[in-house]
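What's in data.txt: compact mmCIF, C-alpha atoms
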```txt
# COMPACT_ATOMS: atom_id res chain seq x y z
CA MET A 11 -33.95 26.85 10.11
CA ASP A 12 -34.66 23.93 7.73
CA SER A 13 -34.31 26.17 4.68
CA THR A 14 -30.98 27.44 6.00
CA LEU A 15 -29.68 23.90 6.48
CA ALA A 16 -30.90 22.89 3.02
CA ALA A 17 -29.11 25.86 1.49
CA ALA A 18 -25.98 25.14 3.49
CA SER A 19 -25.89 21.50 2.32
CA GLN A 20 -25.37 22.72 -1.24
CA TRP A 21 -21.98 24.02 -0.14
CA ALA A 22 -20.73 20.62 1.11
CA THR A 23 -18.16 18.65 -0.89
CA GLU A 24 -16.79 15.14 -0.44
CA SER A 25 -13.11 15.69 0.28
CA ASN A 26 -11.92 12.46 -1.42
CA ALA A 27 -13.45 13.63 -4.70
CA ALA A 28 -12.17 17.19 -4.28
CA VAL A 29 -8.51 16.20 -3.82
CA PHE A 30 -6.58 15.59 -7.05
CA ILE A 31 -3.15 13.95 -6.91
CA ARG A 32 -1.08 14.36 -10.06
CA LEU A 33 2.22 12.85 -11.18
CA ILE A 34 3.69 15.16 -13.80
CA SER A 35 6.66 14.83 -16.11
CA GLY A 36 7.70 17.03 -19.01
CA GLU A 37 10.79 18.07 -20.89
CA THR A 38 9.96 21.78 -21.10
CA GLU A 39 8.56 24.34 -18.69
CA SER A 40 5.94 25.50 -21.17
CA GLY A 41 4.81 21.93 -21.82
CA VAL A 42 4.33 21.29 -18.11
CA ILE A 43 2.34 24.51 -17.65
CA GLN A 44 0.12 23.67 -20.62
CA ALA A 45 -0.53 20.17 -19.28
CA MET A 46 -1.39 21.52 -15.81
CA SER A 47 -3.76 24.08 -17.29
CA SER A 48 -5.72 21.52 -19.28
CA GLU A 49 -7.75 20.40 -16.23
CA LEU A 50 -7.37 16.77 -17.26
CA SER A 51 -9.87 14.44 -15.65
CA GLU A 52 -7.77 11.38 -16.42
CA GLU A 53 -4.21 10.63 -17.32
CA GLY A 54 -3.04 11.97 -20.63
CA ASP A 55 -0.31 13.60 -22.64
CA GLY A 56 -0.03 17.32 -22.83
CA GLU A 57 1.71 19.18 -25.61
CA GLU A 58 5.50 19.30 -25.91
CA GLY A 59 5.89 15.86 -24.32
CA ALA A 60 4.32 16.63 -20.94
CA ASP A 61 2.50 13.80 -19.20
CA VAL A 62 -0.02 13.95 -16.36
CA ILE A 63 -1.31 10.97 -14.37
CA GLU A 64 -4.22 11.97 -12.15
CA PHE A 65 -6.01 10.10 -9.37
CA HIS A 66 -7.90 10.65 -6.10
CA PRO A 67 -7.07 9.55 -2.56
CA GLU A 68 -8.97 6.75 -0.84
CA PHE A 69 -8.86 8.54 2.51
CA THR A 70 -8.74 12.17 3.58
CA TYR A 71 -10.03 11.88 7.15
CA PRO A 72 -6.54 12.46 8.64
CA ILE A 73 -6.64 15.90 6.98
CA TYR A 74 -10.30 16.95 6.79
CA GLY A 75 -11.97 14.93 9.56
CA GLU A 76 -13.75 11.60 9.92
CA HIS A 77 -16.74 12.59 7.78
CA GLU A 78 -14.46 13.51 4.84
CA ARG A 79 -16.61 16.51 3.95
CA ILE A 80 -15.63 20.12 3.31
CA PHE A 81 -18.06 22.97 3.76
CA GLY A 82 -18.21 26.35 2.08
CA TYR A 83 -17.22 25.85 -1.56
CA LYS A 84 -18.61 25.07 -4.99
CA GLY A 85 -16.43 23.68 -7.77
CA LEU A 86 -13.70 22.86 -5.25
CA SER A 87 -10.43 21.40 -6.51
CA ILE A 88 -7.57 20.70 -4.07
CA ASN A 89 -4.52 19.96 -6.21
CA ILE A 90 -1.39 18.14 -5.08
CA ASN A 91 1.00 18.23 -8.02
CA TYR A 92 4.10 16.04 -7.87
CA ALA A 93 7.06 15.76 -10.20
CA ALA A 94 6.63 12.11 -11.22
CA GLY A 95 10.06 10.98 -10.02
CA SER A 96 11.47 13.43 -7.51
CA LEU A 97 8.06 14.26 -5.96
CA ALA A 98 8.87 17.95 -5.94
CA THR A 99 5.53 19.42 -4.90
CA TYR A 100 3.23 22.27 -5.85
CA PHE A 101 -0.02 22.65 -3.91
CA ASN A 102 -2.92 24.92 -4.81
CA VAL A 103 -6.67 25.23 -4.33
CA HIS A 104 -9.29 26.34 -6.87
CA TYR A 105 -13.04 26.90 -6.48
CA SER A 106 -15.79 28.62 -8.43
CA LYS A 107 -17.60 30.01 -5.37
CA ARG A 108 -16.90 30.38 -1.67
CA ILE A 109 -19.58 31.03 0.92
CA GLU A 110 -19.18 34.48 2.46
CA GLN A 111 -22.48 35.30 4.06
CA MET A 112 -25.93 33.73 4.29
CA GLU A 113 -29.04 35.00 6.00
CA SER A 114 -29.73 32.70 8.89
CA THR A 115 -31.68 32.62 12.11
CA SER A 116 -29.17 30.10 13.45
CA ALA A 117 -26.81 31.17 16.23
CA VAL A 118 -24.03 29.33 14.42
CA ALA A 119 -22.16 31.37 11.83
CA LEU A 120 -21.72 29.71 8.45
CA LYS A 121 -18.19 30.03 7.10
CA ALA A 122 -15.98 28.08 4.76
CA ASP A 123 -13.66 25.41 6.13
CA ASP A 124 -9.93 26.01 5.91
CA VAL A 125 -8.74 23.59 3.21
CA ASP A 126 -5.24 24.99 2.81
CA THR A 127 -3.65 24.76 6.26
CA PRO A 128 -4.55 21.12 7.13
CA MET A 129 -3.13 19.88 3.82
CA ARG A 130 0.08 21.88 4.07
CA GLN A 131 0.68 20.37 7.50
CA ILE A 132 1.15 16.88 6.02
CA LEU A 133 3.12 17.90 2.90
CA ALA A 134 6.89 18.30 2.90
CA ASP A 135 8.15 21.73 3.95
CA SER A 136 10.03 22.39 0.72
CA ILE A 137 7.18 22.88 -1.75
CA CYS A 138 7.20 25.15 -4.76
CA SER A 139 5.47 28.49 -4.24
CA THR A 140 4.37 29.13 -7.85
CA GLN A 141 3.29 27.11 -10.87
CA SER A 142 6.18 28.54 -12.87
CA GLU A 143 8.73 27.45 -10.27
CA PHE A 144 7.20 23.97 -10.19
CA ALA A 145 7.25 23.69 -13.99
CA GLN A 146 10.94 24.56 -14.00
CA VAL A 147 11.67 21.89 -11.39
CA VAL A 148 9.65 19.25 -13.28
CA ALA A 149 11.45 20.00 -16.57
CA ARG A 150 14.79 19.70 -14.78
CA ASP A 151 13.96 16.60 -12.72
CA THR A 152 12.41 14.75 -15.65
CA HIS A 153 15.97 14.26 -16.91
CA MET A 154 18.15 14.89 -13.86
CA PHE A 155 16.41 13.06 -10.99
CA ARG A 156 17.92 9.76 -9.90
CA PRO A 157 16.31 7.55 -7.22
CA PRO A 158 17.90 7.73 -3.77
CA GLY A 159 19.51 4.63 -2.33
CA ARG A 160 21.00 1.57 -4.01
CA LYS A 161 19.50 -0.23 -7.00
CA VAL A 162 18.89 -3.83 -5.91
CA HIS A 163 16.54 -5.33 -8.50
CA GLU A 164 14.93 -4.72 -11.87
CA TYR A 165 12.14 -6.36 -13.82
CA SER A 166 10.08 -5.79 -16.94
CA GLY A 167 6.40 -5.47 -17.80
CA ARG A 168 4.23 -4.67 -20.79
CA SER A 169 1.80 -1.86 -21.41
CA SER A 170 -1.56 -2.28 -23.13
CA GLN A 171 0.23 -1.44 -26.37
CA THR A 172 2.59 -4.43 -25.76
CA GLU A 173 5.48 -2.01 -25.25
CA GLN A 174 8.10 -3.42 -22.89
CA LEU A 175 8.46 -1.33 -19.74
CA ARG A 176 11.33 -1.37 -17.25
CA TYR A 177 11.09 -1.09 -13.48
CA GLU A 178 13.75 -0.79 -10.82
CA ILE A 179 13.70 -1.32 -7.03
CA TYR A 180 15.92 0.80 -4.80
CA SER A 181 16.85 0.09 -1.20
CA SER A 182 17.66 2.88 1.28
CA SER A 183 17.72 3.79 4.95
CA PHE A 184 17.34 7.09 6.75
CA ASP A 185 20.99 7.46 7.65
CA ASN A 186 21.23 8.64 4.04
CA ALA A 187 20.15 12.32 4.06
CA GLU A 188 18.89 12.18 0.48
CA SER A 189 16.69 9.16 1.27
CA ALA A 190 15.29 10.82 4.40
CA LYS A 191 14.46 13.96 2.44
CA TYR A 192 12.74 11.92 -0.27
CA HIS A 193 10.64 10.09 2.29
CA GLU A 194 9.36 13.41 3.62
CA ARG A 195 7.71 13.86 0.23
CA VAL A 196 6.48 10.26 -0.05
CA GLN A 197 4.92 10.00 3.40
CA ALA A 198 1.80 12.08 2.66
CA LEU A 199 0.74 9.35 0.21
CA VAL A 200 0.63 6.88 3.10
CA LEU A 201 -2.18 8.86 4.76
CA PHE A 202 -4.14 8.97 1.50
CA PHE A 203 -4.09 5.23 0.78
CA ILE A 204 -3.37 3.21 3.94
CA GLU A 205 -6.16 3.25 6.50
CA GLY A 206 -4.99 4.16 9.99
CA ALA A 207 -1.46 4.96 8.79
CA GLN A 208 0.86 7.32 10.62
CA PHE A 209 4.17 8.94 9.76
CA ILE A 210 7.17 6.90 10.85
CA ASP A 211 10.19 8.13 12.78
CA THR A 212 12.89 8.82 10.19
CA GLY A 213 15.37 9.24 13.04
CA ASP A 214 15.21 5.51 13.78
CA GLU A 215 17.98 3.73 11.90
CA ARG A 216 16.12 0.39 12.02
CA TRP A 217 13.75 1.50 9.25
CA HIS A 218 14.48 0.39 5.71
CA VAL A 219 12.69 1.56 2.55
CA HIS A 220 12.22 -0.32 -0.74
CA THR A 221 11.02 1.91 -3.58
CA VAL A 222 9.82 0.96 -7.07
CA PHE A 223 10.35 3.28 -10.04
CA GLU A 224 9.43 3.03 -13.69
CA ARG A 225 12.46 3.75 -15.85
CA LEU A 226 11.61 5.64 -19.04
CA ASP A 227 13.60 6.53 -22.13
CA LEU A 228 12.77 10.07 -23.27
CA ASN A 229 14.59 11.00 -26.45
CA GLY A 230 17.62 9.00 -25.42
CA GLN A 231 17.65 10.22 -21.82
CA THR A 232 16.63 8.23 -18.75
CA SER A 233 13.72 9.41 -16.62
CA TYR A 234 12.08 7.92 -13.52
CA SER A 235 8.52 7.85 -12.19
CA LEU A 236 7.47 6.61 -8.74
CA VAL A 237 5.39 3.40 -8.77
CA GLY A 238 5.25 2.44 -5.09
CA PHE A 239 7.22 1.71 -1.94
CA SER A 240 7.35 -0.25 1.29
CA THR A 241 8.80 0.53 4.70
CA VAL A 242 10.29 -2.36 6.69
CA TYR A 243 11.27 -2.28 10.35
CA ASN A 244 14.00 -4.51 11.77
CA PHE A 245 13.14 -5.86 15.23
CA TYR A 246 15.56 -7.64 17.52
CA CYS A 247 15.17 -11.42 17.51
CA TRP A 248 16.84 -13.35 20.31
CA PRO A 249 19.66 -14.15 20.52
CA ASP A 250 21.50 -12.47 17.66
CA ARG A 251 19.20 -11.99 14.65
CA LYS A 252 16.65 -9.58 13.25
CA ARG A 253 12.97 -9.96 12.42
CA ALA A 254 11.84 -7.91 9.40
CA ARG A 255 8.31 -6.52 9.56
CA ILE A 256 6.61 -4.83 6.63
CA SER A 257 4.91 -1.74 8.05
CA GLN A 258 3.66 0.27 5.07
CA PHE A 259 3.14 -1.09 1.57
CA LEU A 260 1.74 1.00 -1.25
CA ILE A 261 1.50 0.74 -5.01
CA LEU A 262 0.03 3.97 -6.42
CA PRO A 263 -3.45 3.52 -7.98
CA PRO A 264 -2.39 4.07 -11.63
CA PHE A 265 0.05 1.15 -11.30
CA GLN A 266 -2.12 -1.30 -9.36
CA GLY A 267 -3.21 -4.59 -10.91
CA GLN A 268 -0.01 -4.83 -12.96
CA GLY A 269 2.06 -7.13 -10.74
CA HIS A 270 4.14 -4.45 -9.01
CA GLY A 271 2.93 -5.39 -5.53
CA SER A 272 3.96 -8.98 -6.12
CA ALA A 273 7.34 -7.93 -7.51
CA LEU A 274 8.04 -5.70 -4.51
CA TYR A 275 6.88 -8.24 -1.93
CA ALA A 276 8.86 -11.05 -3.61
CA HIS A 277 11.98 -8.87 -3.57
CA ILE A 278 11.60 -8.08 0.15
CA HIS A 279 11.10 -11.78 0.93
CA ALA A 280 14.14 -12.68 -1.21
CA THR A 281 16.22 -10.11 0.69
CA VAL A 282 15.25 -11.71 4.01
CA LEU A 283 15.94 -15.22 2.68
CA ALA A 284 19.38 -14.24 1.39
CA SER A 285 20.64 -12.86 4.71
CA SER A 286 21.55 -15.01 7.72
CA GLU A 287 20.87 -11.94 9.89
CA TYR A 288 17.09 -12.35 9.43
CA ALA A 289 14.92 -14.89 11.22
CA ASP A 290 11.69 -14.23 9.33
CA LEU A 291 9.40 -11.74 7.58
CA SER A 292 6.09 -10.59 9.04
CA VAL A 293 3.52 -7.90 8.22
CA GLU A 294 1.97 -5.28 10.48
CA ASP A 295 -1.85 -5.12 10.30
CA PRO A 296 -2.20 -6.29 6.68
CA SER A 297 -5.28 -5.33 4.70
CA GLU A 298 -7.42 -8.01 3.07
CA ALA A 299 -6.06 -7.08 -0.36
CA PHE A 300 -2.48 -7.35 0.90
CA ASP A 301 -3.20 -10.72 2.53
CA ASP A 302 -4.51 -12.04 -0.79
CA MET A 303 -1.42 -10.83 -2.65
CA ARG A 304 0.92 -12.25 0.00
CA ASP A 305 -0.89 -15.60 0.05
CA ARG A 306 -0.58 -15.95 -3.73
CA ASN A 307 3.11 -15.09 -3.73
CA ASP A 308 4.02 -17.26 -0.76
CA MET A 309 2.15 -20.25 -2.18
CA ARG A 310 3.82 -19.87 -5.57
CA TYR A 311 7.21 -19.68 -3.88
CA LEU A 312 6.59 -22.64 -1.55
CA LEU A 313 5.18 -24.85 -4.34
CA LYS A 314 8.13 -23.96 -6.58
CA HIS A 315 10.51 -25.07 -3.80
CA ASN A 316 8.57 -28.28 -3.02
CA ALA A 317 8.00 -27.17 0.56
CA PHE A 318 4.99 -29.46 1.02
CA GLU A 319 6.36 -32.65 -0.54
CA HIS A 320 6.44 -34.52 2.80
CA ILE A 321 3.03 -33.27 3.99
CA LYS A 322 0.40 -35.79 2.95
CA SER A 323 -2.60 -35.05 5.18
CA ALA A 324 -3.77 -33.36 8.37
CA PRO A 325 -2.91 -33.11 11.18
CA VAL A 326 0.53 -31.55 10.72
CA GLU A 327 2.83 -31.60 13.72
CA GLN A 328 3.95 -28.23 15.09
CA SER A 329 7.57 -29.32 14.71
CA VAL A 330 6.98 -29.57 10.93
CA VAL A 331 5.37 -26.12 10.86
CA GLU A 332 8.32 -24.67 12.77
CA GLU A 333 10.87 -26.38 10.51
CA LEU A 334 9.23 -24.98 7.35
CA GLN A 335 8.73 -21.56 8.94
CA GLN A 336 12.40 -21.28 9.87
CA LYS A 337 13.61 -22.57 6.50
CA HIS A 338 11.45 -20.26 4.38
CA LYS A 339 11.45 -17.36 6.87
CA LEU A 340 7.73 -16.71 6.98
CA SER A 341 5.88 -15.91 10.19
CA ARG A 342 4.35 -18.89 11.98
CA ARG A 343 0.83 -17.62 11.27
CA GLN A 344 1.57 -17.28 7.57
CA MET A 345 3.32 -20.65 7.34
CA THR A 346 0.31 -22.28 9.00
CA ARG A 347 -2.05 -20.67 6.48
CA CYS A 348 0.08 -21.87 3.58
CA ILE A 349 0.19 -25.43 4.94
CA GLU A 350 -3.59 -25.41 5.28
CA MET A 351 -3.92 -24.21 1.68
CA ALA A 352 -1.57 -26.97 0.52
CA LEU A 353 -3.64 -29.57 2.38
CA LEU A 354 -6.86 -28.27 0.82
CA LYS A 355 -5.25 -28.23 -2.64
CA ALA A 356 -4.48 -31.94 -2.37
CA ILE A 357 -7.99 -32.98 -1.27
CA LYS A 358 -10.18 -34.30 -4.08
CA SER A 359 -13.54 -34.42 -2.31
CA GLU A 360 -15.19 -32.83 0.71
CA LYS A 361 -16.69 -36.22 1.47
CA SER A 362 -13.28 -37.82 1.88
CA VAL A 363 -11.61 -38.85 5.13
CA GLU A 364 -8.81 -36.42 4.31
CA PHE A 365 -11.24 -33.49 4.26
CA GLY A 366 -12.65 -34.52 7.65
CA ARG A 367 -9.15 -34.52 9.11
CA PHE A 368 -8.43 -31.18 7.46
CA ARG A 369 -11.64 -29.68 8.87
CA LEU A 370 -10.78 -30.78 12.41
CA PHE A 371 -7.19 -29.53 12.07
CA VAL A 372 -8.28 -26.05 10.92
CA LYS A 373 -11.12 -25.78 13.45
CA ARG A 374 -8.73 -26.56 16.29
CA ARG A 375 -6.46 -23.76 15.08
CA ILE A 376 -9.41 -21.34 14.81
CA TYR A 377 -10.55 -22.23 18.33
CA ALA A 378 -7.06 -21.82 19.81
CA GLN A 379 -6.61 -18.41 18.20
CA ASN A 380 -10.01 -17.15 19.40
CA MET A 381 -10.32 -19.00 22.71
CA ASP A 382 -11.04 -16.00 24.95
CA LEU A 383 -13.88 -14.80 22.73
CA LEU A 384 -15.38 -18.25 22.13
CA GLN A 385 -15.36 -19.33 25.76
CA ALA A 386 -17.73 -16.47 26.58
CA LEU A 387 -20.39 -18.08 24.32
CA ASP A 388 -22.67 -21.03 25.01
CA VAL A 389 -21.76 -24.36 23.45
CA ASP A 390 -24.11 -24.23 20.44
CA GLU A 391 -23.20 -20.66 19.55
CA ARG A 392 -19.51 -21.48 19.96
CA LYS A 393 -19.80 -24.41 17.54
CA GLN A 394 -21.64 -22.24 15.02
CA LYS A 395 -19.02 -19.48 15.19
CA VAL A 396 -16.20 -21.96 14.58
CA ALA A 397 -18.13 -23.57 11.70
CA ASP A 398 -18.78 -20.19 10.11
CA SER A 399 -15.13 -19.22 10.46
CA PHE A 400 -14.04 -22.51 8.90
CA ALA A 401 -16.35 -22.01 5.91
CA SER A 402 -15.00 -18.48 5.43
CA VAL A 403 -11.39 -19.71 5.65
CA VAL A 404 -12.01 -22.44 3.07
CA ASP A 405 -13.68 -19.98 0.69
CA GLY A 406 -10.67 -17.66 1.00
CA TYR A 407 -8.22 -20.48 0.42
CA ARG A 408 -10.10 -21.67 -2.67
CA ARG A 409 -10.02 -18.16 -4.09
CA VAL A 410 -6.25 -17.92 -3.60
CA LEU A 411 -5.63 -21.41 -5.02
CA SER A 412 -7.66 -20.56 -8.12
CA LEU A 413 -5.23 -17.73 -8.86
CA ILE A 414 -1.91 -19.56 -8.59
```

Give the structure from the file, written as structure tokens.
Amino acid sequence: MDSTLAAASQWATESNAAVFIRLISGETESGVIQAMSSELSEEGDGEEGADVIEFHPEFTYPIYGEHERIFGYKGLSININYAAGSLATYFNVHYSKRIEQMESTSAVALKADDVDTPMRQILADSICSTQSEFAQVVARDTHMFRPPGRKVHEYSGRSSQTEQLRYEIYSSSFDNAESAKYHERVQALVLFFIEGAQFIDTGDERWHVHTVFERLDLNGQTSYSLVGFSTVYNFYCWPDRKRARISQFLILPPFQGQGHGSALYAHIHATVLASSEYADLSVEDPSEAFDDMRDRNDMRYLLKHNAFEHIKSAPVEQSVVEELQQKHKLSRRQMTRCIEMALLKAIKSEKSVEFGRFRLFVKRRIYAQNMDLLQALDVDERKQKVADSFASVVDGYRRVLSLI
């Protein structure tokens, strides 16, 4: 029995490492096929101008189960090939060996997991059936694809070679058939990179999508490559306004750490600020990384607009918090965090009277937000929990302030 299990373990593969996501562009069919056949382990240029950017998912448990392990293969490669702009898709699976039969005294039969069907269930229906068909589509879309929706913003960046790069943000909703069809291709990426994510209802007209593309110049012709996107839901806000809530927010791994998340978030916030229809902007279940990015951007914006010029020290009246929150259209929770960061920024010493007032102000907020949990503890443990939370909050604020 033990020897059987030991032998079987050699056929187990981590699904995150086995799945390869590729963004492919190329001006000729032959160039695309050559690039796909090169088995590149990192992004690179193929012959005839073909380009492949390759990366792995962070999560595959929605497809292959909570343990993110696949049994029954050696040399397993699960390939999701996308045209870089249009996201036309070609899916295939390669392996060097597949378990067929093993001698075993176990009553449980050993057979390979199905890796094909679960993945196809989350990909768009209209995928290419052959590599040749996909290569033709990539060669066509490299020049012909144009982003769905309306161009609303553009900005520039620089590569490591100091080359100036151009990026464009497009806004769309699902009442546009082209935008709805494009989102069917995009949505699988949500499962790969946003923990706990689910597909959204594209039949609900209150969804809005903001998509970032890199705009390239290939031999005098314009080409586009997906960088990232965000979905925003418009809730009703009494009596006659809307409340925008960011639901999904993703910058693809090859483009992370280059300022695209900040550019996209700043654009969404600017859109909310510019419209009298919106009351504020909030975020659904933000990750720690997103919270850091949002904090940096909101603080830069608020400092630029002198939002804290009349706030000298803690405590800050709730009427002041509400006034700033309504003016700058941030959620009350986020506005409170930013005010606390501004207070901390102005304090010169932790031994000062101002820091004592700040500590009490923040601790009262922590206690109010966690009252039900804290009241179940004895007094000493309650005080320690609040003190620990305060220290953690201050550390987080100092980290954010050091980056703005």

Separation of atom CA of Met351 of chain A from atom CA of Phe203 of chain A in Å: 29.5 Å

Which of these, A:Lys395, A:Arg347, A:Arg251, A:Arg195, has the shortest distance to Arg306 of chain A once you count all atoms listed in the file?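 Looking at the shortest contact to Arg306 of chain A, the residue is A:Arg347.
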
What does the distance from atom CA of Asp405 of chain A to atom CA of Leu387 of chain A come to in Å, to one decimal?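 Separation between atom CA of Asp405 of chain A and atom CA of Leu387 of chain A: 24.6 Å.
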
Considering all atoms listed in the file, state which residue in the set A:Leu228, A:Asp388, A:Arg342, A:Ile90 is at the smallest distance from Ser329 of chain A.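 Nearest candidate to Ser329 of chain A out of A:Leu228, A:Asp388, A:Arg342, A:Ile90: A:Arg342.
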
Give me, as a PyMOL selection string, all polymer residues having an atom no more than 6 Å from segment 207-219 of chain A, counting all atoms listed in the file and skipping those fewer than 3 positions away in the same chain. chain A and resi 181-184+201+204+240-244

Pick out the closest residue to Met46 of chain A from this set: A:Ser142, A:Thr346, A:Gln197, A:Asn380. Count only C-alpha atoms.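 Smallest separation from Met46 of chain A among the options: A:Ser142.
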